[in-house]
file my_file03.txt (compact mmCIF, C-alpha atoms and all ligand atoms)
# COMPACT_ATOMS: atom_id res chain seq x y z
CA MET A 20 38.90 97.21 -71.82
CA ARG A 21 38.05 96.44 -68.19
CA ARG A 22 34.32 95.90 -67.67
CA MET A 23 32.48 98.29 -65.33
CA SER A 24 31.69 96.05 -62.39
CA ASN A 25 32.91 95.47 -58.87
CA LYS A 26 32.09 91.79 -59.11
CA VAL A 27 35.12 89.52 -58.88
CA GLY A 28 35.87 88.31 -62.41
CA ILE A 29 36.78 84.61 -62.46
CA GLY A 30 38.79 82.52 -64.91
CA ILE A 31 38.77 78.76 -64.41
CA VAL A 32 41.78 76.72 -65.52
CA GLY A 33 40.87 73.04 -65.86
CA PHE A 34 37.19 72.52 -66.63
CA GLY A 35 36.73 68.90 -65.57
CA TYR A 36 34.75 67.70 -62.57
CA MET A 37 35.94 70.30 -60.06
CA GLY A 38 36.12 73.17 -62.56
CA ASN A 39 32.41 72.56 -63.18
CA VAL A 40 31.74 72.41 -59.43
CA HIS A 41 33.32 75.86 -59.04
CA TYR A 42 31.22 77.14 -61.91
CA GLU A 43 28.06 75.76 -60.26
CA ILE A 44 29.00 77.34 -56.91
CA THR A 45 29.76 80.73 -58.41
CA ARG A 46 27.12 81.09 -61.14
CA ASN A 47 24.36 82.05 -58.70
CA ARG A 48 26.41 84.44 -56.59
CA ASP A 49 25.87 88.13 -57.22
CA ASP A 50 29.40 89.13 -56.15
CA VAL A 51 31.33 87.18 -58.82
CA ASP A 52 31.24 86.70 -62.59
CA VAL A 53 32.71 83.71 -64.39
CA ILE A 54 34.40 85.40 -67.34
CA GLY A 55 35.74 82.29 -69.00
CA ILE A 56 37.61 79.01 -68.81
CA TYR A 57 40.66 77.35 -70.27
CA ASP A 58 41.23 73.59 -70.54
CA ILE A 59 43.90 71.79 -72.57
CA ASP A 60 41.24 69.36 -73.74
CA GLU A 61 39.36 70.69 -76.78
CA GLN A 62 36.24 68.71 -75.88
CA LYS A 63 36.08 70.45 -72.50
CA ARG A 64 36.49 73.82 -74.20
CA ASN A 65 33.70 72.98 -76.66
CA HIS A 66 31.48 71.84 -73.83
CA ALA A 67 32.05 75.15 -72.00
CA SER A 68 31.31 77.05 -75.18
CA GLU A 69 28.00 75.16 -75.57
CA MET A 70 27.19 76.19 -72.00
CA GLY A 71 27.55 79.80 -73.11
CA LEU A 72 30.81 80.39 -71.26
CA GLY A 73 33.73 82.43 -72.48
CA VAL A 74 36.51 80.12 -73.67
CA TYR A 75 40.20 80.98 -74.09
CA SER A 76 42.31 79.11 -76.60
CA ASN A 77 45.38 79.17 -74.34
CA MET A 78 46.22 80.03 -70.78
CA ASN A 79 48.15 83.18 -71.59
CA GLU A 80 45.04 84.68 -73.10
CA LEU A 81 43.16 84.02 -69.86
CA LEU A 82 45.99 85.40 -67.73
CA HIS A 83 46.13 88.59 -69.78
CA ASP A 84 42.41 89.30 -69.63
CA GLU A 85 42.11 92.36 -67.40
CA ASN A 86 38.56 91.38 -66.45
CA ILE A 87 39.87 88.42 -64.52
CA ASP A 88 40.62 89.11 -60.85
CA LEU A 89 40.70 85.52 -59.64
CA VAL A 90 42.09 82.41 -61.30
CA ILE A 91 40.69 79.10 -60.07
CA VAL A 92 43.08 76.22 -60.72
CA ALA A 93 41.32 72.86 -61.05
CA THR A 94 43.76 70.77 -63.06
CA PRO A 95 45.46 67.52 -62.01
CA ASN A 96 47.67 68.02 -58.94
CA ASP A 97 51.11 68.09 -60.59
CA LYS A 98 50.17 71.18 -62.65
CA HIS A 99 49.04 73.30 -59.71
CA ALA A 100 52.33 74.92 -58.62
CA GLU A 101 53.35 75.99 -62.12
CA ILE A 102 49.93 77.38 -63.10
CA CYS A 103 49.52 79.17 -59.74
CA MET A 104 52.93 80.85 -60.10
CA GLU A 105 52.16 81.96 -63.66
CA ALA A 106 48.84 83.41 -62.56
CA LEU A 107 50.34 85.17 -59.53
CA LYS A 108 53.10 86.65 -61.69
CA SER A 109 50.33 87.97 -63.96
CA LYS A 110 48.98 89.77 -60.84
CA LYS A 111 45.94 87.52 -60.49
CA ASN A 112 44.54 86.31 -57.19
CA VAL A 113 44.51 82.52 -57.08
CA LEU A 114 42.28 79.87 -55.58
CA CYS A 115 43.95 76.51 -56.14
CA GLU A 116 42.26 73.18 -55.69
CA LYS A 117 43.66 70.85 -53.08
CA PRO A 118 46.33 69.55 -52.75
CA ALA A 119 47.62 73.04 -53.57
CA VAL A 120 51.04 71.64 -54.47
CA MET A 121 53.04 68.41 -54.24
CA ASN A 122 55.36 69.18 -51.32
CA LEU A 123 56.41 71.72 -48.70
CA ALA A 124 59.13 73.35 -50.82
CA GLU A 125 56.59 74.09 -53.57
CA MET A 126 54.12 75.37 -51.00
CA LYS A 127 56.63 77.88 -49.67
CA ALA A 128 57.64 78.94 -53.19
CA VAL A 129 54.03 79.62 -54.26
CA ILE A 130 53.27 81.54 -51.05
CA ASP A 131 56.43 83.65 -51.52
CA CYS A 132 55.37 84.31 -55.10
CA ALA A 133 51.93 85.47 -53.91
CA LYS A 134 53.53 87.84 -51.39
CA GLU A 135 56.02 89.21 -53.93
CA ASN A 136 53.20 89.96 -56.36
CA GLY A 137 50.80 91.31 -53.73
CA CYS A 138 48.07 88.81 -54.64
CA LEU A 139 45.82 86.57 -52.62
CA PHE A 140 46.60 82.88 -52.75
CA THR A 141 44.48 80.25 -51.07
CA THR A 142 43.43 76.64 -51.43
CA HIS A 143 40.02 75.00 -51.46
CA HIS A 144 39.66 73.40 -48.05
CA ASN A 145 35.92 73.06 -48.53
CA ARG A 146 35.79 70.06 -46.20
CA ARG A 147 36.19 72.39 -43.22
CA TRP A 148 32.48 73.06 -43.79
CA ASP A 149 31.41 69.40 -44.00
CA LYS A 150 28.65 68.72 -41.51
CA ASP A 151 30.25 65.59 -40.06
CA TYR A 152 33.47 67.48 -39.32
CA LEU A 153 31.57 70.40 -37.75
CA VAL A 154 29.62 67.98 -35.53
CA VAL A 155 32.87 66.48 -34.24
CA LYS A 156 34.39 69.93 -33.77
CA LYS A 157 31.40 71.18 -31.80
CA ALA A 158 31.20 68.05 -29.64
CA LEU A 159 34.92 68.33 -28.82
CA ASN A 160 34.71 72.07 -28.08
CA GLU A 161 31.76 71.47 -25.76
CA LYS A 162 33.59 68.54 -24.12
CA VAL A 163 30.52 66.34 -24.56
CA ILE A 164 32.64 63.19 -24.25
CA GLY A 165 35.13 64.73 -21.82
CA ASN A 166 38.70 64.89 -23.06
CA PRO A 167 39.27 63.10 -26.37
CA THR A 168 41.97 60.44 -26.32
CA THR A 169 41.86 58.88 -29.79
CA ILE A 170 40.16 60.18 -32.94
CA VAL A 171 39.52 57.92 -35.88
CA SER A 172 38.74 59.70 -39.16
CA GLN A 173 38.34 57.49 -42.18
CA THR A 174 36.61 57.02 -45.48
CA PHE A 175 36.54 54.04 -47.83
CA GLY A 176 35.15 53.65 -51.32
CA GLN A 177 34.03 50.56 -53.17
CA ARG A 178 35.44 51.27 -56.61
CA GLY A 179 38.58 49.26 -55.96
CA ILE A 180 41.02 51.44 -57.84
CA CYS A 181 42.07 55.02 -58.27
CA PHE A 182 41.11 56.11 -61.80
CA GLY A 183 42.30 58.51 -64.52
CA TRP A 184 45.22 60.77 -63.59
CA ARG A 185 44.64 59.84 -59.92
CA ALA A 186 46.26 56.47 -60.71
CA ILE A 187 49.43 58.05 -62.17
CA PRO A 188 52.32 58.96 -59.83
CA GLU A 189 53.64 61.79 -62.06
CA ASN A 190 50.23 63.51 -61.93
CA GLY A 191 50.19 63.47 -58.13
CA GLY A 192 47.87 60.47 -57.95
CA GLY A 193 47.13 58.39 -54.89
CA MET A 194 44.87 58.75 -51.92
CA LEU A 195 47.24 60.57 -49.58
CA TYR A 196 47.26 63.51 -51.99
CA ASP A 197 43.60 63.11 -52.91
CA TRP A 198 41.75 62.56 -49.60
CA GLY A 199 44.67 62.64 -47.18
CA ILE A 200 45.13 66.40 -47.51
CA HIS A 201 41.44 66.99 -46.62
CA LEU A 202 41.47 64.74 -43.58
CA ILE A 203 44.85 66.04 -42.38
CA ASP A 204 43.63 69.63 -42.68
CA GLN A 205 40.48 68.77 -40.73
CA MET A 206 42.48 67.08 -37.97
CA LEU A 207 44.97 69.95 -37.68
CA THR A 208 42.21 72.55 -37.51
CA LEU A 209 40.59 70.61 -34.65
CA PHE A 210 43.74 71.33 -32.65
CA PRO A 211 45.19 74.59 -33.97
CA ASP A 212 47.10 75.30 -30.75
CA ASN A 213 48.71 71.90 -30.29
CA LYS A 214 51.84 70.64 -31.96
CA VAL A 215 52.02 67.32 -33.77
CA THR A 216 54.94 65.44 -32.23
CA GLY A 217 54.81 62.14 -34.11
CA VAL A 218 53.86 61.04 -37.62
CA TYR A 219 53.63 57.45 -38.81
CA CYS A 220 52.28 56.59 -42.24
CA ARG A 221 51.80 53.40 -44.20
CA LEU A 222 50.99 53.65 -47.92
CA ARG A 223 49.72 50.61 -49.81
CA ASN A 224 48.69 49.88 -53.34
CA ILE A 225 46.20 47.10 -53.00
CA LEU A 226 44.50 47.13 -56.41
CA THR A 227 45.98 50.21 -58.13
CA PRO A 228 49.42 49.27 -59.47
CA GLU A 229 51.39 52.51 -59.11
CA VAL A 230 49.89 54.74 -56.43
CA ASP A 231 48.58 54.36 -52.90
CA ASP A 232 44.93 53.34 -52.99
CA TYR A 233 45.00 52.80 -49.23
CA PHE A 234 46.84 54.57 -46.46
CA GLU A 235 46.94 54.72 -42.70
CA LEU A 236 48.32 57.79 -41.00
CA GLU A 237 48.85 58.26 -37.28
CA LEU A 238 49.36 61.73 -35.85
CA GLU A 239 50.31 62.15 -32.22
CA PHE A 240 49.70 65.56 -30.62
CA ASP A 241 51.56 67.12 -27.69
CA ASN A 242 48.36 66.83 -25.64
CA GLU A 243 48.69 63.03 -26.08
CA ILE A 244 45.68 62.83 -28.38
CA VAL A 245 46.29 60.34 -31.15
CA SER A 246 44.50 60.51 -34.48
CA HIS A 247 44.18 57.64 -36.91
CA ILE A 248 43.40 58.72 -40.44
CA SER A 249 42.69 56.01 -43.01
CA VAL A 250 41.50 56.12 -46.59
CA GLY A 251 40.98 53.29 -49.04
CA THR A 252 39.25 52.63 -52.33
CA PHE A 253 38.14 49.08 -51.63
CA ALA A 254 35.94 48.21 -48.67
CA LEU A 255 32.65 46.45 -49.34
CA GLN A 256 31.44 46.78 -45.75
CA ASP A 257 30.60 49.99 -43.94
CA THR A 258 32.87 51.56 -41.35
CA PRO A 259 32.07 54.70 -39.34
CA ARG A 260 33.32 57.98 -40.80
CA TRP A 261 34.36 59.15 -37.31
CA PHE A 262 34.91 57.32 -34.04
CA VAL A 263 36.08 59.41 -31.11
CA PHE A 264 37.10 57.97 -27.75
CA GLY A 265 36.84 60.34 -24.79
CA ASP A 266 37.43 59.85 -21.09
CA GLU A 267 33.72 60.42 -20.35
CA GLY A 268 32.05 59.04 -23.45
CA THR A 269 32.26 58.01 -27.08
CA LEU A 270 31.12 59.60 -30.33
CA ARG A 271 30.37 57.78 -33.55
CA LEU A 272 29.37 59.26 -36.90
CA ASP A 273 28.48 56.79 -39.59
CA ASP A 274 28.64 58.99 -42.67
CA PHE A 275 29.15 62.44 -44.14
CA SER A 276 25.63 63.64 -43.23
CA GLY A 277 26.68 64.29 -39.63
CA GLU A 278 23.22 63.06 -38.61
CA VAL A 279 23.69 59.30 -38.31
CA GLY A 280 25.52 57.97 -35.30
CA GLY A 281 25.42 58.94 -31.68
CA ILE A 282 27.08 60.07 -28.50
CA ARG A 283 27.07 57.99 -25.36
CA ARG A 284 28.23 58.95 -21.91
CA MET A 285 28.59 56.73 -18.89
CA ILE A 286 26.26 57.35 -15.95
CA HIS A 287 28.26 56.49 -12.90
CA ASP A 288 26.43 54.98 -9.93
CA GLU A 289 27.45 52.79 -7.04
CA ASN A 290 26.22 49.54 -8.51
CA GLY A 291 26.77 50.32 -12.14
CA LEU A 292 29.73 48.08 -12.63
CA GLU A 293 28.04 45.24 -10.70
CA ARG A 294 25.29 45.17 -13.33
CA ILE A 295 27.72 44.25 -16.08
CA LYS A 296 27.22 40.64 -17.03
CA SER A 297 29.55 38.67 -19.22
CA TYR A 298 27.61 36.37 -21.46
CA LYS A 299 28.21 33.12 -23.16
CA GLN A 300 27.53 32.36 -26.76
CA LYS A 301 25.73 29.18 -27.83
CA GLY A 302 27.71 26.03 -27.17
CA GLY A 303 29.33 27.53 -24.09
CA HIS A 304 31.90 29.58 -25.99
CA LEU A 305 32.87 32.71 -24.15
CA GLY A 306 31.45 35.98 -25.47
CA PRO A 307 32.88 39.26 -24.27
CA SER A 308 34.19 38.69 -20.77
CA ARG A 309 33.40 41.14 -17.94
CA THR A 310 35.89 43.80 -19.03
CA MET A 311 34.55 43.83 -22.58
CA ALA A 312 30.87 43.24 -21.80
CA PRO A 313 28.46 46.16 -22.38
CA LEU A 314 27.19 48.45 -19.62
CA ALA A 315 23.60 48.02 -18.46
CA LYS A 316 21.18 50.41 -20.21
CA GLU A 317 20.64 52.42 -16.98
CA ASN A 318 24.31 53.36 -17.02
CA ILE A 319 24.37 54.81 -20.49
CA GLU A 320 23.21 58.29 -21.38
CA GLU A 321 22.36 58.75 -25.05
CA ILE A 322 23.04 62.32 -26.16
CA ASP A 323 21.72 63.91 -29.34
CA LEU A 324 24.35 64.84 -31.90
CA PRO A 325 24.98 68.59 -31.96
CA MET A 326 22.88 70.40 -34.53
CA ILE A 327 24.83 72.13 -37.28
CA GLU A 328 23.27 74.61 -39.63
CA ILE A 329 25.24 75.45 -42.73
CA LYS A 330 24.27 78.75 -44.28
CA GLY A 331 25.51 79.68 -47.74
CA ASN A 332 29.13 79.17 -48.65
CA GLU A 333 31.39 80.67 -46.00
CA PHE A 334 34.54 79.81 -47.95
CA TYR A 335 33.47 81.85 -51.00
CA ASP A 336 31.95 84.63 -48.88
CA ASN A 337 35.34 85.03 -47.22
CA LEU A 338 37.27 84.71 -50.48
CA VAL A 339 35.35 87.53 -52.16
CA LYS A 340 35.68 89.83 -49.13
CA ALA A 341 39.38 89.02 -48.78
CA ILE A 342 39.94 89.90 -52.46
CA HIS A 343 38.25 93.27 -51.82
CA GLY A 344 40.57 93.73 -48.81
CA GLU A 345 37.66 93.67 -46.35
CA CYS A 346 38.97 90.77 -44.25
CA THR A 347 41.80 88.25 -44.06
CA GLN A 348 41.61 84.91 -45.84
CA ILE A 349 40.02 82.09 -43.86
CA VAL A 350 42.40 79.35 -45.10
CA THR A 351 45.70 80.91 -44.12
CA HIS A 352 49.23 80.49 -45.48
CA GLU A 353 50.35 79.22 -42.07
CA GLU A 354 47.72 76.48 -42.19
CA MET A 355 48.68 75.52 -45.75
CA ILE A 356 52.32 75.26 -44.71
CA ARG A 357 51.41 73.17 -41.67
CA ASP A 358 49.38 70.79 -43.89
CA PHE A 359 52.41 70.27 -46.12
CA GLU A 360 54.82 69.82 -43.23
CA ILE A 361 52.61 66.89 -42.26
CA MET A 362 52.33 65.65 -45.86
CA ASP A 363 56.13 65.65 -46.25
CA ALA A 364 56.56 63.87 -42.91
CA ALA A 365 53.93 61.30 -43.91
CA PHE A 366 55.64 60.52 -47.24
CA ASN A 367 59.01 60.30 -45.46
CA SER A 368 57.58 58.02 -42.82
CA ALA A 369 56.10 55.70 -45.46
CA LYS A 370 59.37 55.64 -47.39
CA THR A 371 61.55 54.90 -44.38
CA LYS A 372 58.94 52.77 -42.61
CA SER A 373 59.60 54.71 -39.43
CA ARG A 374 57.94 57.14 -37.07
CA MET A 375 58.91 60.77 -37.63
CA ASN A 376 59.55 62.77 -34.47
CA VAL A 377 58.44 66.26 -35.37
CA SER A 378 57.19 69.52 -33.91
CA ILE A 379 54.60 70.77 -36.40
P1 LIG B 401 39.32 66.12 -63.82
O1 LIG B 401 40.22 65.15 -64.49
O2 LIG B 401 37.87 65.87 -63.83
O3 LIG B 401 39.56 67.58 -64.43
C1 LIG B 401 40.85 68.11 -64.64
C2 LIG B 401 40.78 68.98 -65.91
O4 LIG B 401 42.02 69.66 -66.06
C3 LIG B 401 40.59 68.17 -67.20
O5 LIG B 401 39.48 68.68 -67.91
C4 LIG B 401 41.89 68.33 -67.97
O6 LIG B 401 41.73 68.32 -69.36
C5 LIG B 401 42.34 69.68 -67.46
N1 LIG B 401 43.78 69.94 -67.59
C6 LIG B 401 44.82 69.09 -67.41
N2 LIG B 401 46.00 69.74 -67.54
C7 LIG B 401 45.69 71.03 -67.82
C8 LIG B 401 46.48 72.19 -68.08
N3 LIG B 401 47.81 72.15 -68.07
N4 LIG B 401 45.82 73.34 -68.34
C9 LIG B 401 44.47 73.40 -68.38
N5 LIG B 401 43.68 72.33 -68.15
C10 LIG B 401 44.28 71.17 -67.86
O7 LIG B 401 39.87 66.23 -62.34
P2 LIG B 401 39.07 66.79 -61.07
O8 LIG B 401 38.44 65.66 -60.34
O9 LIG B 401 38.23 67.94 -61.48
O10 LIG B 401 40.27 67.30 -60.15
C11 LIG B 401 40.88 68.54 -60.42
C12 LIG B 401 41.47 69.07 -59.12
O11 LIG B 401 40.42 69.27 -58.17
C13 LIG B 401 42.46 68.13 -58.46
O12 LIG B 401 43.50 68.85 -57.90
C14 LIG B 401 41.64 67.45 -57.37
O13 LIG B 401 42.42 67.02 -56.27
C15 LIG B 401 40.70 68.57 -56.97
N6 LIG B 401 39.42 68.11 -56.39
C16 LIG B 401 38.99 68.73 -55.26
C17 LIG B 401 37.80 68.35 -54.68
C18 LIG B 401 37.33 69.06 -53.44
O14 LIG B 401 36.39 68.61 -52.79
N7 LIG B 401 37.94 70.16 -53.07
C19 LIG B 401 37.03 67.31 -55.24
C20 LIG B 401 37.50 66.73 -56.42
C21 LIG B 401 38.69 67.13 -57.00

call {"tool": "encode", "arguments": {"input": "my_file03.txt", "output": "structure tokens"}}
result
Amino acid sequence: MRRMSNKVGIGIVGFGYMGNVHYEITRNRDDVDVIGIYDIDEQKRNHASEMGLGVYSNMNELLHDENIDLVIVATPNDKHAEICMEALKSKKNVLCEKPAVMNLAEMKAVIDCAKENGCLFTTHHNRRWDKDYLVVKKALNEKVIGNPTTIVSQTFGQRGICFGWRAIPENGGGMLYDWGIHLIDQMLTLFPDNKVTGVYCRLRNILTPEVDDYFELELEFDNEIVSHISVGTFALQDTPRWFVFGDEGTLRLDDFSGEVGGIRRMIHDENGLERIKSYKQKGGHLGPSRTMAPLAKENIEEIDLPMIEIKGNEFYDNLVKAIHGECTQIVTHEEMIRDFEIMDAAFNSAKTKSRMNVSI
């Protein structure tokens, strides 16, 4: 019998790292209830049981529980489409982990299935609320560095290899699926009104034998802004998380905190360029010549990074309201489709070693 509550009842499918993260996010909310979990791994089910959670012995049981309004899918990537469709056909709303599916055709099929069954379907683009991303977004919106020309967004780990199912092609392993989808979604939502006209992608497996553990992706927008997105699992020196070139200044963010880095703008004055001195290194070797030499301090304005305050969890606040029909979902179907149009173009580009001319 259905419990008497207007809290959104949640069932989690896949109770590994991210399934537990969803449990942690939701356990202290007063508008949701985690009813139970299902995982194919008995150890994970036992662990959940020890935590005092409801545990289903198969997925059907979970899908037929009338107390469950929302199914959260947090399994390896290749299982997402099938589990989402089953849940939607059982008239459950679905939040699927990213990447929601493996390709554009699957994305369209799952969205159609959600519409046919009158259920909400969304994906966890939690990185739209990362502080570093919001700092870049705010700085660009406020034109602090003028018009952006090139945006570098990158992250590198030190582990060397992709691990577990992330190293297996059939499971949807590799960094383009894993981190690429986050960084692509961030880049596209910086420019929602501009089309991507060119996609070039290079996938490499440097230390992981079968999947990309390093990729470089270039997106060219119709406003001539170029973005370089790179991800790798093996870099033992630090690189900035973001580096944005503008026509009036430059922004650098060193890490995910959004608090380390800086914004510099040029202060133009009559003699500014005369103050630039090239300098020689010891032994008479040339250092940066005049074009590459730094500006004098008087000609640089240091600007504080925009302050970002993150209150609560906007993604979940929206999800719960959208399930109650009080608002529309914040991560839209159109955005999910656009992400996968880019993903498909990126894989095609890597396969054919060529630039894809697109209008996405
Ligand atoms: P994980 O390996 O830690 O957990 C996956 C769990 O799914 C395992 O417990 C496994 O036993 C279970 N499982 C596998 N097949 C299943 C099936 N058919 N039915 C039920 N359970 C099944 O992996 P993870 O790191 O938690 O990643 C899970 C998903 O979350 C992936 O899609 C990943 O890309 C995503 N993820 C998202 C973020 C984010 O920031 N949004 C971060 C990490 C992972």

call {"tool": "residues_around", "arguments": {"input": "my_file03.txt", "residues": "A:Leu270", "least_positions_apart": "5", "cutoff": "6 Å", "atoms": "only C-alpha atoms", "output": "VMD selection string"}}
result
chain A and resid 262 to 263 281 to 282

call {"tool": "residues_around", "arguments": {"input": "my_file03.txt", "residues": "A:Asp58", "least_positions_apart": "3", "cutoff": "8 Å", "atoms": "only C-alpha atoms", "output": "NGL selection string"}}
result
:A and (32-34 or 61 or 63-64 or 77)

call {"tool": "residues_around", "arguments": {"input": "my_file03.txt", "residues": "A:Ala186", "least_positions_apart": "6", "cutoff": "7 Å", "atoms": "only C-alpha atoms", "output": "list in words"}}
result
Gly192, Gly193, Thr227, Glu229 and Val230 of chain A

call {"tool": "closest_atom_pairs", "arguments": {"input": "my_file03.txt", "of": "chain A", "to": "ligand LIG 401 (chain B)", "cutoff": "7 Å", "atoms": "all atoms listed in the file", "output": "CSV"}}
result
residue,atom,partner,partner_atom,distance
A:Val32,CA,B:LIG401,C9,5.1
A:Gly33,CA,B:LIG401,O4,3.6
A:Phe34,CA,B:LIG401,O5,4.7
A:Gly35,CA,B:LIG401,O3,3.3
A:Tyr36,CA,B:LIG401,O9,3.7
A:Met37,CA,B:LIG401,O9,3.6
A:Gly38,CA,B:LIG401,O9,5.7
A:Tyr57,CA,B:LIG401,C9,5.8
A:Asp58,CA,B:LIG401,N5,3.6
A:Ile59,CA,B:LIG401,N5,4.5
A:Asp60,CA,B:LIG401,O6,4.5
A:Lys63,CA,B:LIG401,O5,6.0
A:Ala93,CA,B:LIG401,C12,4.3
A:Thr94,CA,B:LIG401,O4,3.6
A:Pro95,CA,B:LIG401,C13,4.7
A:Asn96,CA,B:LIG401,O12,4.4
A:Lys98,CA,B:LIG401,N3,6.0
A:Glu116,CA,B:LIG401,O11,5.0
A:Lys117,CA,B:LIG401,O13,5.1
A:Pro118,CA,B:LIG401,O13,5.8
A:His143,CA,B:LIG401,N7,5.5
A:His144,CA,B:LIG401,N7,6.2
A:Asn145,CA,B:LIG401,N7,5.8
A:Arg146,CA,B:LIG401,O14,6.8
A:Gly183,CA,B:LIG401,O1,7.0
A:Trp184,CA,B:LIG401,O1,6.7
A:Asp197,CA,B:LIG401,O13,5.3

call {"tool": "closest_residue", "arguments": {"input": "my_file03.txt", "among": "A:Tyr75, A:Trp148, A:Phe140, A:Tyr219", "to": "A:Ala365", "atoms": "all atoms listed in the file"}}
result
A:Tyr219

call {"tool": "residues_around", "arguments": {"input": "my_file03.txt", "residues": "A:Arg271", "least_positions_apart": "6", "cutoff": "12 Å", "atoms": "all atoms listed in the file", "output": "PyMOL selection string"}}
result
chain A and resi 151-152+154-155+158+164+170-173+258-265+277-284+321-324

call {"tool": "atom_distance", "arguments": {"input": "my_file03.txt", "atom1": "atom CA of A:Gly137", "atom2": "atom CA of A:Ile56"}}
result
23.5 Å

call {"tool": "closest_residue", "arguments": {"input": "my_file03.txt", "among": "A:Ser276, A:Gln256, A:Gln62, A:Thr216", "to": "A:Met326", "atoms": "all atoms listed in the file"}}
result
A:Ser276

call {"tool": "atom_distance", "arguments": {"input": "my_file03.txt", "atom1": "atom CA of A:Asn166", "atom2": "atom CA of A:Ser373"}}
result
28.4 Å

call {"tool": "decode", "arguments": {"input": "my_file03.txt", "residues": "stretch 325-336 of chain A", "atoms": "N, CA, C and O atoms", "output": "mmCIF file, in the first residue's frame"}}
result
data_model
loop_
_atom_site.group_PDB
_atom_site.id
_atom_site.type_symbol
_atom_site.label_atom_id
_atom_site.label_comp_id
_atom_site.auth_asym_id
_atom_site.auth_seq_id
_atom_site.Cartn_x
_atom_site.Cartn_y
_atom_site.Cartn_z
ATOM 1 N N PRO A 325 35.157 37.047 -9.073
ATOM 2 C CA PRO A 325 33.779 37.235 -8.602
ATOM 3 C C PRO A 325 33.482 36.292 -7.439
ATOM 4 O O PRO A 325 33.983 35.175 -7.401
ATOM 5 N N MET A 326 32.695 36.798 -6.504
ATOM 6 C CA MET A 326 32.307 35.967 -5.354
ATOM 7 C C MET A 326 31.090 35.125 -5.749
ATOM 8 O O MET A 326 30.137 35.643 -6.323
ATOM 9 N N ILE A 327 31.135 33.865 -5.414
ATOM 10 C CA ILE A 327 29.994 32.989 -5.695
ATOM 11 C C ILE A 327 29.554 32.354 -4.386
ATOM 12 O O ILE A 327 30.372 31.794 -3.654
ATOM 13 N N GLU A 328 28.283 32.471 -4.114
ATOM 14 C CA GLU A 328 27.765 31.819 -2.912
ATOM 15 C C GLU A 328 26.853 30.686 -3.351
ATOM 16 O O GLU A 328 25.931 30.915 -4.152
ATOM 17 N N ILE A 329 27.140 29.487 -2.891
ATOM 18 C CA ILE A 329 26.288 28.370 -3.282
ATOM 19 C C ILE A 329 25.409 27.991 -2.091
ATOM 20 O O ILE A 329 25.915 27.613 -1.032
ATOM 21 N N LYS A 330 24.103 28.138 -2.316
ATOM 22 C CA LYS A 330 23.176 27.829 -1.211
ATOM 23 C C LYS A 330 22.451 26.526 -1.516
ATOM 24 O O LYS A 330 21.846 26.391 -2.574
ATOM 25 N N GLY A 331 22.516 25.592 -0.616
ATOM 26 C CA GLY A 331 21.750 24.352 -0.765
ATOM 27 C C GLY A 331 22.119 23.590 -2.024
ATOM 28 O O GLY A 331 23.253 23.649 -2.508
ATOM 29 N N ASN A 332 21.142 22.873 -2.551
ATOM 30 C CA ASN A 332 21.379 22.067 -3.741
ATOM 31 C C ASN A 332 20.286 22.403 -4.759
ATOM 32 O O ASN A 332 19.193 21.843 -4.719
ATOM 33 N N GLU A 333 20.612 23.353 -5.630
ATOM 34 C CA GLU A 333 19.608 23.856 -6.579
ATOM 35 C C GLU A 333 19.112 22.758 -7.512
ATOM 36 O O GLU A 333 17.942 22.746 -7.904
ATOM 37 N N PHE A 334 20.012 21.829 -7.859
ATOM 38 C CA PHE A 334 19.602 20.750 -8.767
ATOM 39 C C PHE A 334 18.467 19.934 -8.137
ATOM 40 O O PHE A 334 17.426 19.715 -8.746
ATOM 41 N N TYR A 335 18.672 19.496 -6.880
ATOM 42 C CA TYR A 335 17.640 18.688 -6.218
ATOM 43 C C TYR A 335 16.395 19.505 -5.883
ATOM 44 O O TYR A 335 15.275 18.993 -5.953
ATOM 45 N N ASP A 336 16.594 20.780 -5.510
ATOM 46 C CA ASP A 336 15.422 21.628 -5.219
ATOM 47 C C ASP A 336 14.519 21.652 -6.449
ATOM 48 O O ASP A 336 13.304 21.490 -6.357
#
